[in-house]
Each structure stands twice: as C-alpha cells, then as structure tokens.
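Source file data.json; content: JSON, C-alpha atoms and all ligand atoms.
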[["chain", "number", "residue", "atom", "x", "y", "z"],
["Z", 212, "MET", "CA", 23.09, -6.03, 19.01],
["Z", 213, "VAL", "CA", 22.32, -3.29, 16.53],
["Z", 214, "ALA", "CA", 21.94, -5.66, 13.58],
["Z", 215, "THR", "CA", 19.37, -7.77, 15.41],
["Z", 216, "THR", "CA", 17.35, -4.71, 16.37],
["Z", 217, "LEU", "CA", 17.32, -3.42, 12.81],
["Z", 218, "THR", "CA", 16.23, -6.80, 11.46],
["Z", 219, "ARG", "CA", 13.40, -7.02, 13.94],
["Z", 220, "GLN", "CA", 12.16, -3.55, 13.07],
["Z", 221, "GLY", "CA", 12.25, -4.44, 9.40],
["Z", 222, "GLU", "CA", 10.22, -7.58, 9.97],
["Z", 223, "GLU", "CA", 7.65, -5.67, 11.97],
["Z", 224, "ARG", "CA", 7.33, -3.17, 9.14],
["Z", 225, "GLU", "CA", 6.87, -5.99, 6.64],
["Z", 226, "GLU", "CA", 4.26, -7.61, 8.86],
["Z", 227, "LYS", "CA", 2.40, -4.33, 9.12],
["Z", 228, "ARG", "CA", 2.35, -3.91, 5.35],
["Z", 229, "ARG", "CA", 1.21, -7.47, 4.78],
["Z", 230, "ASN", "CA", -1.72, -7.03, 7.18],
["Z", 231, "CYS", "CA", -2.47, -3.49, 6.16],
["Z", 232, "ILE", "CA", -5.77, -2.63, 4.55],
["Z", 233, "HIS", "CA", -4.16, 0.01, 2.41],
["Z", 234, "PHE", "CA", -5.73, 3.42, 2.33],
["Z", 235, "TRP", "CA", -4.20, 5.03, -0.69],
["Z", 236, "VAL", "CA", -3.70, 8.73, -0.71],
["Z", 237, "ILE", "CA", -3.12, 9.75, -4.31],
["Z", 238, "ASN", "CA", -0.54, 12.45, -4.85],
["Z", 239, "GLY", "CA", -0.56, 14.61, -7.92],
["Z", 240, "ALA", "CA", -2.31, 14.34, -11.24],
["Z", 241, "GLY", "CA", -1.85, 15.34, -14.84],
["Z", 242, "SER", "CA", 0.30, 12.48, -16.04],
["Z", 243, "ARG", "CA", -0.75, 8.95, -16.92],
["Z", 244, "THR", "CA", 0.04, 7.66, -13.46],
["Z", 245, "SER", "CA", -0.22, 9.06, -9.98],
["Z", 246, "GLU", "CA", 1.77, 8.03, -6.96],
["Z", 247, "GLY", "CA", -0.26, 6.79, -4.05],
["Z", 248, "THR", "CA", 1.03, 6.53, -0.51],
["Z", 249, "CYS", "CA", -0.70, 4.37, 2.06],
["Z", 250, "LYS", "CA", -1.95, 6.46, 4.94],
["Z", 251, "TYR", "CA", -1.29, 3.61, 7.40],
["Z", 252, "CYS", "CA", 1.90, 1.79, 6.44],
["Z", 253, "GLY", "CA", 3.56, 4.29, 4.11],
["Z", 254, "GLU", "CA", 3.81, 1.91, 1.17],
["Z", 255, "ARG", "CA", 3.97, 3.62, -2.20],
["Z", 256, "ARG", "CA", 2.45, 2.52, -5.44],
["Z", 257, "HIS", "CA", 1.75, 3.98, -8.83],
["Z", 258, "PHE", "CA", -1.82, 4.08, -10.05],
["Z", 259, "SER", "CA", -3.28, 4.87, -13.39],
["Z", 260, "ASN", "CA", -5.41, 7.98, -13.21],
["Z", 261, "ILE", "CA", -8.35, 5.98, -14.47],
["Z", 262, "ILE", "CA", -8.26, 3.81, -11.36],
["Z", 263, "SER", "CA", -7.44, 6.58, -8.94],
["Z", 264, "ASP", "CA", -10.47, 8.52, -10.10],
["Z", 265, "CYS", "CA", -12.88, 5.90, -8.84],
["Z", 266, "ALA", "CA", -11.13, 3.76, -6.24],
["Z", 267, "ARG", "CA", -8.39, 3.91, -3.67],
["Z", 268, "THR", "CA", -7.18, 0.42, -4.41],
["Z", 269, "SER", "CA", -7.24, -1.69, -7.54],
["Z", 270, "PRO", "CA", -9.91, -4.39, -7.99],
["Z", 271, "ASP", "CA", -7.21, -7.08, -8.03],
["Z", 272, "GLU", "CA", -5.78, -5.80, -4.77],
["Z", 273, "TYR", "CA", -9.23, -5.76, -3.21],
["Z", 274, "GLU", "CA", -9.94, -9.34, -4.34],
["Z", 275, "LEU", "CA", -6.61, -10.41, -2.88],
["Z", 276, "TRP", "CA", -7.44, -8.72, 0.40],
["Z", 277, "LEU", "CA", -10.86, -10.40, 0.51],
["Z", 278, "SER", "CA", -9.34, -13.82, -0.08],
["Z", 279, "ARG", "CA", -7.03, -13.34, 2.90],
["Z", 280, "GLN", "CA", -9.90, -12.65, 5.28],
["Z", 281, "LYS", "CA", -11.20, -16.24, 5.24],
["J", 301, "ZN", "ZN", -0.88, 0.12, 3.84]]
Go ahead and express the file in the form of structure tokens.
Amino acid sequence: MVATTLTRQGEEREEKRRNCIHFWVINGAGSRTSEGTCKYCGERRHFSNIISDCARTSPDEYELWLSRQK
C-alpha cells in the first residue's frame, strides 16, 4: 500500500508544521526579502529584511501562535 504510506507521511508532516513553533533561520541578505527556513519543520517563508533584522517570526505569526495555546 504505497499510496497509503505516502499519504500518512504527508499528514504527519502537515501536523508537525501546524504544531511547530517555527524557528526561522534567515538565509541571505541584500535584497528586499530574505528566505527563512524553519530549523524544526523545514517550512520556508520569505521575510522582509526589516522584520528579519529584529525578529525570527512576524508579529502576526506570533499572535496567531499565542492564540492557539489557550
Ligand atoms: Zn516550523
């Protein structure tokens, strides 16, 4: 049942990302945006350099994470 196995792995990965407290590692600089990769789940996201200079995650993302903890 290869298809079933693949689906299950995909769901586990999604679950991990949903529960992940992302730790963004920012790659590169010099342009308007930098690509960040989560150290834990591997998710990628683009950040403005303004944000990446002072925080690993955006304020909106942090608020969203806080709201999920209750
Ligand atoms: Zn993550």
Discussion item. Neighbouring residues of ligand ZN 301 (chain J) are defined here as those with any atom at most 6 Å from a ligand atom, counting only C-alpha atoms and all ligand atoms; list them as a ChimeraX atom specification.
Written reply: /Z:228,231-233,249,251-252,254
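Put simply, CA of Thr248 (chain Z) is 17.5 Å away from CA of Trp276 (chain Z).
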Item to complete: Please measure the separation of CA of Pro270 (chain Z) and CA of Glu223 (chain Z), giving the value in Å to one decimal.
Response: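 Answer for the CA of Pro270 (chain Z) to CA of Glu223 (chain Z) separation: 26.6 Å.
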Worksheet item: Can you tell me how far CA of Ser245 (chain Z) sits from CA of Arg279 (chain Z), in Å to one decimal?
Response: 26.7 Å
Selection: 9 Å around Glu246 (chain Z), all atoms listed in the file, excl. self and same-chain fewer than 6 positions, as a compact mmCIF listing (two decimals) with C-alpha atoms, in the frame of the given file:
# COMPACT_ATOMS: atom_id res chain seq x y z
CA VAL Z 236 -3.70 8.73 -0.71
CA ILE Z 237 -3.12 9.75 -4.31
CA ASN Z 238 -0.54 12.45 -4.85
CA GLY Z 239 -0.56 14.61 -7.92
CA ALA Z 240 -2.31 14.34 -11.24
CA ARG Z 255 3.97 3.62 -2.20
CA ARG Z 256 2.45 2.52 -5.44
CA HIS Z 257 1.75 3.98 -8.83
CA PHE Z 258 -1.82 4.08 -10.05
CA SER Z 259 -3.28 4.87 -13.39
Exercise on region 251-261 of chain Z, axis-aligned box with 6 Å per side, report centre and edge lengths in Å to one decimal, as AutoDock Vina command-line options:
--center_x -2.2 --center_y 4.9 --center_z -3.5 --size_x 24.3 --size_y 18.2 --size_z 33.9
